[in-house]
Structure formats: structure tokens, C-alpha cells
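Trainee: Here it is, the structure, as C-alpha cells.
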Amino acid sequence: MDYLLILRGINGGSYHPVKMATLRALLTAAGFVHVTSYANSGNLCFTSNQSQPACEQRIAAVLSNNFAFPINFGVFAKSAFLAELQQAPTWWDGQGNRQHMCLFKLQDYGEHDTWLHDHLAPIDQVAMTPHLIFWTVAATGNFQHSWYGQVWGTAFYRQTSTRSYRTTHKLWQLLQERTT
């Protein structure tokens, strides 16, 4: 089965550096196959015959045994990710004077959906699936007035990982191309 692995909080300048080549090698040594990465921000695809929970346990061990800082992550089955991406609302289209983001709910994501809806600003548009949050801010210069601009440091922020519209669609494309 093919999976998508999303890492949070790495390679932010000199903050928590993780070389993708090193991570690919570690995951391969842990028994995952066809390990590929996209960009330098913790987007990886891999194949395993193990269940998603078993993959999560193995990845948690790899990360904790090889890095001196905690790395939060999420593992998403290819079929689930592709199905949920098809549920994106029509306004999440990457167009116009808007910022379009996809937030991935990581392995420790709590019950934040109601909390999020209770705090949205009028310029925020949000739609949720079980593992993804589609978020559009009405104008690119309005982050400070959006709820997205206010979530830094919250439990919600620490339990999600944001990717741009373009990166999310590149991950969709990479998974579509996998034939394993």
C-alpha cells in the first residue's frame, strides 16, 4: 500500500534540520520501499505491506531514535488522501487574491474541529474532512486578521502541518503516479 508521510516543524531555516536524503535512507533501512520525497519540508511517499498504525509506530521509532528533537508527523493512506482531496470545496481552487492552504491533521490531532469553527474570522473559509482542513484566507495580505494568523502556538497549530495549494496538488500528482 502507498502512503504519504507529512512531517511538521523541520527545516525552517536552521530550525530542526533534517536532510531528506538521510530520512529516505532511514525509512528504507526500516523496511519501507519506494521512499521518495518532495521539496525539503517533510513530504514523503513510501510503500509498505504493513497497516497504517504499524507504519506510524515504525516511523515514530525511526524519528525518535535518530533525531535529538521531537518531530510530529502524520501518515495518510494514498486512497484516503486522494478521496479526501476530491472533497475540496470549489472555493479552494488556488485562484484569485486569496491564500489557499491545506492543513494535515497529524497523528495526535485532538478534537479541534469545533474549536476552529468557533474562532474563524469573516475572511476565513474552512472545510474539513477526517484528515484534511481546506483553508482559504480572502486576501493574501490579511493573515493577521484571519484566524489562521492567530493560531500560532496553540495545540491546534502543533497538531497540524500546513502545505500550500501548489504543494498539496504536487503531492496528489506524485501519489497518482505511483503504481505500487
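Just remember, in the C-alpha cells the first chain shown is A, the second B, etc., residues are 1-based per chain, and ligands are 1-based in the order shown.
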Give me the residues within 10 Å of A:Ser48 as a list in words, counting only C-alpha atoms and dropping any in the same chain fewer than 5 places off.

Mentor: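 In the requested form, the answer reads Met1, Asp2, Tyr3, Gly31, Phe32, Val33, His34, Val35, Ala54, Cys55 and Thr180 of chain A.
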
Trainee: Skipping near chain neighbours, those fewer than 4 positions away, what residues fall within 9 Å of A:His131 using only C-alpha atoms, listed as a list of chain:residue names?

Mentor: A:Phe76, A:Ala80, A:Phe81, A:Glu84, A:Leu103, A:Phe104, A:Lys105, A:Leu106

Trainee: Restricting it to C-alpha atoms, dump the selection as an mmCIF file, in the first residue's frame.

Mentor:
```
data_model
loop_
_atom_site.group_PDB
_atom_site.id
_atom_site.type_symbol
_atom_site.label_atom_id
_atom_site.label_comp_id
_atom_site.auth_asym_id
_atom_site.auth_seq_id
_atom_site.Cartn_x
_atom_site.Cartn_y
_atom_site.Cartn_z
ATOM 1 C CA PHE A 76 -2.014 9.062 5.232
ATOM 2 C CA ALA A 80 -7.811 8.130 1.759
ATOM 3 C CA PHE A 81 -5.741 11.191 0.852
ATOM 4 C CA GLU A 84 -10.418 13.477 0.710
ATOM 5 C CA LEU A 103 -3.705 21.603 6.859
ATOM 6 C CA PHE A 104 -2.950 17.961 7.538
ATOM 7 C CA LYS A 105 -4.286 16.618 10.832
ATOM 8 C CA LEU A 106 -1.329 14.836 12.399
#
```

Trainee: Which one of A:Tyr148, A:Tyr38, A:Tyr157, A:Phe143 sits closest to A:His169 if you count only C-alpha atoms?

Mentor: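 Selected residue with least distance to A:His169: A:Tyr38.
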
Trainee: Between atom CA of A:Arg158 and atom CA of A:Thr90, what is the spacing in Å?

Mentor: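 A separation of 27.4 Å between them.
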
Trainee: Write out as a ChimeraX atom specification all residues of chain A that DSSP puts in alpha helix (DSSP H) for this structure's backbone.

Mentor: /A:20-29,52-66,78-85,113-119,155-158,165-177

Trainee: Between atom CA of A:Asn11 and atom CA of A:Ile59, measure the distance and give it in Å to one decimal.

Mentor: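 Calculated distance between atom CA of A:Asn11 and atom CA of A:Ile59 is 18.1 Å.
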
Trainee: Would you compute the distance between atom CA of A:Asn97 and atom CA of A:Ala138? Give it in Å to one decimal.

Mentor: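 Those two atoms sit 7.0 Å apart.
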
Trainee: Using only C-alpha atoms, which protein or nucleic acid residues come within 12 Å of A:Pro70? Drop anything in the same chain fewer than 6 positions from it, and give the result as a ChimeraX atom specification.

Mentor: /A:7-10,16-18,60-64,158

Trainee: Contacts of A:Phe134 at 7 Å or less, counting only C-alpha atoms, minus same-chain residues fewer than 5 places along, as a list in words?

Mentor: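 The neighbour list is Ala88, Trp92, Met101, Cys102, Leu103, Val126, Ala127 and Met128 of chain A.
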
Trainee: Atoms to include: all heavy atoms. Write the selected residues as a PDB file, in the first residue's frame.

Mentor:
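Full text of part.pdb as output:
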```
ATOM      1  N   ALA A  88     -12.464  18.646  -1.749  1.00  0.00           N
ATOM      2  CA  ALA A  88     -12.138  20.064  -1.579  1.00  0.00           C
ATOM      3  C   ALA A  88     -13.280  20.916  -2.117  1.00  0.00           C
ATOM      4  O   ALA A  88     -13.835  20.625  -3.182  1.00  0.00           O
ATOM      5  CB  ALA A  88     -10.845  20.402  -2.303  1.00  0.00           C
ATOM      6  N   TRP A  92     -11.768  26.455  -2.864  1.00  0.00           N
ATOM      7  CA  TRP A  92     -10.359  26.110  -2.624  1.00  0.00           C
ATOM      8  C   TRP A  92      -9.765  25.719  -3.971  1.00  0.00           C
ATOM      9  O   TRP A  92      -9.613  24.560  -4.301  1.00  0.00           O
ATOM     10  CB  TRP A  92     -10.268  24.964  -1.616  1.00  0.00           C
ATOM     11  CG  TRP A  92      -8.890  24.778  -1.051  1.00  0.00           C
ATOM     12  CD1 TRP A  92      -8.304  25.514  -0.070  1.00  0.00           C
ATOM     13  CD2 TRP A  92      -7.935  23.787  -1.432  1.00  0.00           C
ATOM     14  NE1 TRP A  92      -7.036  25.045   0.173  1.00  0.00           N
ATOM     15  CE2 TRP A  92      -6.790  23.982  -0.652  1.00  0.00           C
ATOM     16  CE3 TRP A  92      -7.926  22.757  -2.372  1.00  0.00           C
ATOM     17  CZ2 TRP A  92      -5.645  23.185  -0.766  1.00  0.00           C
ATOM     18  CZ3 TRP A  92      -6.797  21.961  -2.485  1.00  0.00           C
ATOM     19  CH2 TRP A  92      -5.681  22.186  -1.685  1.00  0.00           C
ATOM     20  N   MET A 101      -4.595  27.049   1.570  1.00  0.00           N
ATOM     21  CA  MET A 101      -3.736  26.126   2.302  1.00  0.00           C
ATOM     22  C   MET A 101      -4.483  24.838   2.594  1.00  0.00           C
ATOM     23  O   MET A 101      -5.702  24.830   2.678  1.00  0.00           O
ATOM     24  CB  MET A 101      -3.309  26.754   3.636  1.00  0.00           C
ATOM     25  CG  MET A 101      -2.583  28.070   3.483  1.00  0.00           C
ATOM     26  SD  MET A 101      -2.781  29.141   4.914  1.00  0.00           S
ATOM     27  CE  MET A 101      -4.485  29.589   4.829  1.00  0.00           C
ATOM     28  N   CYS A 102      -3.710  23.785   2.765  1.00  0.00           N
ATOM     29  CA  CYS A 102      -4.260  22.513   3.230  1.00  0.00           C
ATOM     30  C   CYS A 102      -3.532  22.165   4.514  1.00  0.00           C
ATOM     31  O   CYS A 102      -2.305  22.087   4.541  1.00  0.00           O
ATOM     32  CB  CYS A 102      -4.051  21.421   2.185  1.00  0.00           C
ATOM     33  SG  CYS A 102      -4.758  19.833   2.666  1.00  0.00           S
ATOM     34  N   LEU A 103      -4.285  21.998   5.587  1.00  0.00           N
ATOM     35  CA  LEU A 103      -3.705  21.603   6.859  1.00  0.00           C
ATOM     36  C   LEU A 103      -3.949  20.107   7.048  1.00  0.00           C
ATOM     37  O   LEU A 103      -5.083  19.628   6.923  1.00  0.00           O
ATOM     38  CB  LEU A 103      -4.337  22.377   8.018  1.00  0.00           C
ATOM     39  CG  LEU A 103      -3.873  23.820   8.191  1.00  0.00           C
ATOM     40  CD1 LEU A 103      -4.375  24.723   7.079  1.00  0.00           C
ATOM     41  CD2 LEU A 103      -4.321  24.345   9.522  1.00  0.00           C
ATOM     42  N   VAL A 126     -13.262  27.689   5.614  1.00  0.00           N
ATOM     43  CA  VAL A 126     -12.703  26.418   6.067  1.00  0.00           C
ATOM     44  C   VAL A 126     -13.688  25.297   5.765  1.00  0.00           C
ATOM     45  O   VAL A 126     -14.892  25.441   5.982  1.00  0.00           O
ATOM     46  CB  VAL A 126     -12.386  26.466   7.583  1.00  0.00           C
ATOM     47  CG1 VAL A 126     -12.058  25.089   8.121  1.00  0.00           C
ATOM     48  CG2 VAL A 126     -11.254  27.432   7.863  1.00  0.00           C
ATOM     49  N   ALA A 127     -13.149  24.196   5.279  1.00  0.00           N
ATOM     50  CA  ALA A 127     -13.907  22.958   5.102  1.00  0.00           C
ATOM     51  C   ALA A 127     -13.016  21.820   5.594  1.00  0.00           C
ATOM     52  O   ALA A 127     -11.800  21.837   5.379  1.00  0.00           O
ATOM     53  CB  ALA A 127     -14.292  22.756   3.648  1.00  0.00           C
ATOM     54  N   MET A 128     -13.629  20.846   6.253  1.00  0.00           N
ATOM     55  CA  MET A 128     -12.856  19.763   6.854  1.00  0.00           C
ATOM     56  C   MET A 128     -13.303  18.399   6.362  1.00  0.00           C
ATOM     57  O   MET A 128     -14.472  18.180   6.084  1.00  0.00           O
ATOM     58  CB  MET A 128     -13.011  19.802   8.369  1.00  0.00           C
ATOM     59  CG  MET A 128     -12.435  21.025   8.998  1.00  0.00           C
ATOM     60  SD  MET A 128     -12.590  20.936  10.782  1.00  0.00           S
ATOM     61  CE  MET A 128     -12.722  22.660  11.165  1.00  0.00           C
TER      62      MET A 128
END
```

Trainee: List every residue of stretch 15-164 of chain A that DSSP, applied to the backbone, labels as strand (DSSP E), and write the result as a PyMOL selection string.

Mentor: chain A and resi 33-38+43-47+73-77+99-105+124-128+132-137+160-164

Trainee: Restricted to N, CA and C atoms, what would the selected residues look like written as a tab-separated table (two decimals), in the first residue's frame?

Mentor:
```tsv
chain	number	residue	atom	x	y	z
A	33	VAL	N	9.67	0.75	1.31
A	33	VAL	CA	10.21	0.70	-0.04
A	33	VAL	C	9.67	1.85	-0.88
A	34	HIS	N	10.35	2.09	-1.97
A	34	HIS	CA	9.97	3.16	-2.91
A	34	HIS	C	9.80	4.49	-2.17
A	35	VAL	N	10.74	4.80	-1.29
A	35	VAL	CA	10.67	6.03	-0.50
A	35	VAL	C	11.14	7.19	-1.36
A	36	THR	N	10.27	8.18	-1.52
A	36	THR	CA	10.61	9.38	-2.28
A	36	THR	C	10.22	10.60	-1.45
A	37	SER	N	10.83	11.72	-1.78
A	37	SER	CA	10.49	12.96	-1.07
A	37	SER	C	10.23	14.06	-2.08
A	38	TYR	N	9.50	15.05	-1.62
A	38	TYR	CA	9.23	16.22	-2.43
A	38	TYR	C	9.55	17.46	-1.61
A	43	ASN	N	7.82	16.09	3.09
A	43	ASN	CA	6.77	15.46	2.31
A	43	ASN	C	7.37	14.20	1.69
A	44	LEU	N	6.92	13.04	2.12
A	44	LEU	CA	7.47	11.81	1.60
A	44	LEU	C	6.38	10.83	1.23
A	45	CYS	N	6.67	9.99	0.25
A	45	CYS	CA	5.80	8.89	-0.14
A	45	CYS	C	6.59	7.60	0.06
A	46	PHE	N	5.90	6.54	0.44
A	46	PHE	CA	6.55	5.25	0.60
A	46	PHE	C	5.52	4.15	0.42
A	47	THR	N	6.03	2.95	0.28
A	47	THR	CA	5.19	1.77	0.13
A	47	THR	C	5.51	0.80	1.26
A	73	PHE	N	4.22	14.10	13.14
A	73	PHE	CA	4.01	13.64	11.76
A	73	PHE	C	2.62	13.05	11.61
A	74	GLY	N	2.26	12.83	10.37
A	74	GLY	CA	1.03	12.14	10.02
A	74	GLY	C	1.30	11.19	8.87
A	75	VAL	N	0.67	10.03	8.90
A	75	VAL	CA	0.75	9.05	7.83
A	75	VAL	C	-0.65	8.94	7.23
A	76	PHE	N	-0.73	9.05	5.92
A	76	PHE	CA	-2.01	9.06	5.23
A	76	PHE	C	-1.99	8.02	4.12
A	77	ALA	N	-2.93	7.11	4.13
A	77	ALA	CA	-3.03	6.13	3.07
A	77	ALA	C	-3.34	6.85	1.76
A	99	GLN	N	-5.28	33.28	-0.25
A	99	GLN	CA	-4.26	32.31	0.15
A	99	GLN	C	-4.95	30.99	0.42
A	100	HIS	N	-4.57	29.95	-0.30
A	100	HIS	CA	-5.18	28.62	-0.17
A	100	HIS	C	-4.19	27.67	0.48
A	101	MET	N	-4.60	27.05	1.57
A	101	MET	CA	-3.74	26.13	2.30
A	101	MET	C	-4.48	24.84	2.59
A	102	CYS	N	-3.71	23.79	2.77
A	102	CYS	CA	-4.26	22.51	3.23
A	102	CYS	C	-3.53	22.16	4.51
A	103	LEU	N	-4.29	22.00	5.59
A	103	LEU	CA	-3.71	21.60	6.86
A	103	LEU	C	-3.95	20.11	7.05
A	104	PHE	N	-2.88	19.39	7.30
A	104	PHE	CA	-2.95	17.96	7.54
A	104	PHE	C	-3.09	17.73	9.04
A	105	LYS	N	-4.10	16.97	9.43
A	105	LYS	CA	-4.29	16.62	10.83
A	105	LYS	C	-3.29	15.50	11.15
A	124	ASP	N	-12.04	34.10	6.68
A	124	ASP	CA	-11.62	32.70	6.62
A	124	ASP	C	-12.72	31.85	6.00
A	125	GLN	N	-12.32	30.94	5.12
A	125	GLN	CA	-13.20	29.90	4.62
A	125	GLN	C	-12.54	28.58	4.97
A	126	VAL	N	-13.26	27.69	5.61
A	126	VAL	CA	-12.70	26.42	6.07
A	126	VAL	C	-13.69	25.30	5.76
A	127	ALA	N	-13.15	24.20	5.28
A	127	ALA	CA	-13.91	22.96	5.10
A	127	ALA	C	-13.02	21.82	5.59
A	128	MET	N	-13.63	20.85	6.25
A	128	MET	CA	-12.86	19.76	6.85
A	128	MET	C	-13.30	18.40	6.36
A	132	LEU	N	-7.99	16.24	6.62
A	132	LEU	CA	-7.54	17.47	5.97
A	132	LEU	C	-8.42	18.64	6.36
A	133	ILE	N	-7.81	19.83	6.34
A	133	ILE	CA	-8.56	21.07	6.52
A	133	ILE	C	-8.21	21.97	5.34
A	134	PHE	N	-9.21	22.28	4.54
A	134	PHE	CA	-9.02	23.20	3.42
A	134	PHE	C	-9.29	24.60	3.95
A	135	TRP	N	-8.34	25.49	3.78
A	135	TRP	CA	-8.44	26.83	4.38
A	135	TRP	C	-8.06	27.86	3.34
A	136	THR	N	-8.92	28.83	3.17
A	136	THR	CA	-8.65	29.96	2.27
A	136	THR	C	-8.86	31.24	3.05
A	137	VAL	N	-7.88	32.14	2.94
A	137	VAL	CA	-7.98	33.48	3.52
A	137	VAL	C	-8.26	34.42	2.36
A	160	THR	N	-1.20	20.16	13.56
A	160	THR	CA	-1.47	20.21	12.13
A	160	THR	C	-0.18	20.61	11.42
A	161	SER	N	-0.12	20.34	10.14
A	161	SER	CA	1.00	20.78	9.32
A	161	SER	C	0.44	21.34	8.03
A	162	THR	N	0.84	22.55	7.71
A	162	THR	CA	0.26	23.28	6.58
A	162	THR	C	1.09	23.10	5.31
A	163	ARG	N	0.40	22.89	4.21
A	163	ARG	CA	1.01	22.88	2.89
A	163	ARG	C	0.22	23.82	2.00
A	164	SER	N	0.92	24.45	1.09
A	164	SER	CA	0.27	25.35	0.14
A	164	SER	C	-0.61	24.56	-0.83
```

Trainee: Rank nothing, just name the residue among A:Thr179, A:Thr154, A:Thr28, A:Asn66 nearest to A:Trp115, using only C-alpha atoms.

Mentor: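 Looking at the shortest contact to A:Trp115, the residue is A:Thr154.
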
Trainee: Measuring atom to atom with only C-alpha atoms, identify which of A:His117, A:Arg178, A:Tyr109, A:Thr168 is nearest to A:Ala155.

Mentor: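 Among the listed residues, the smallest separation from A:Ala155 belongs to A:Tyr109.
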
Trainee: Which residue is closest to A:Val151? Choose from A:Met20, A:Leu120, A:Ala25, A:Asp108 and count only C-alpha atoms.

Mentor: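 Of A:Met20, A:Leu120, A:Ala25, A:Asp108, the one nearest A:Val151, counting only C-alpha atoms, is A:Leu120.
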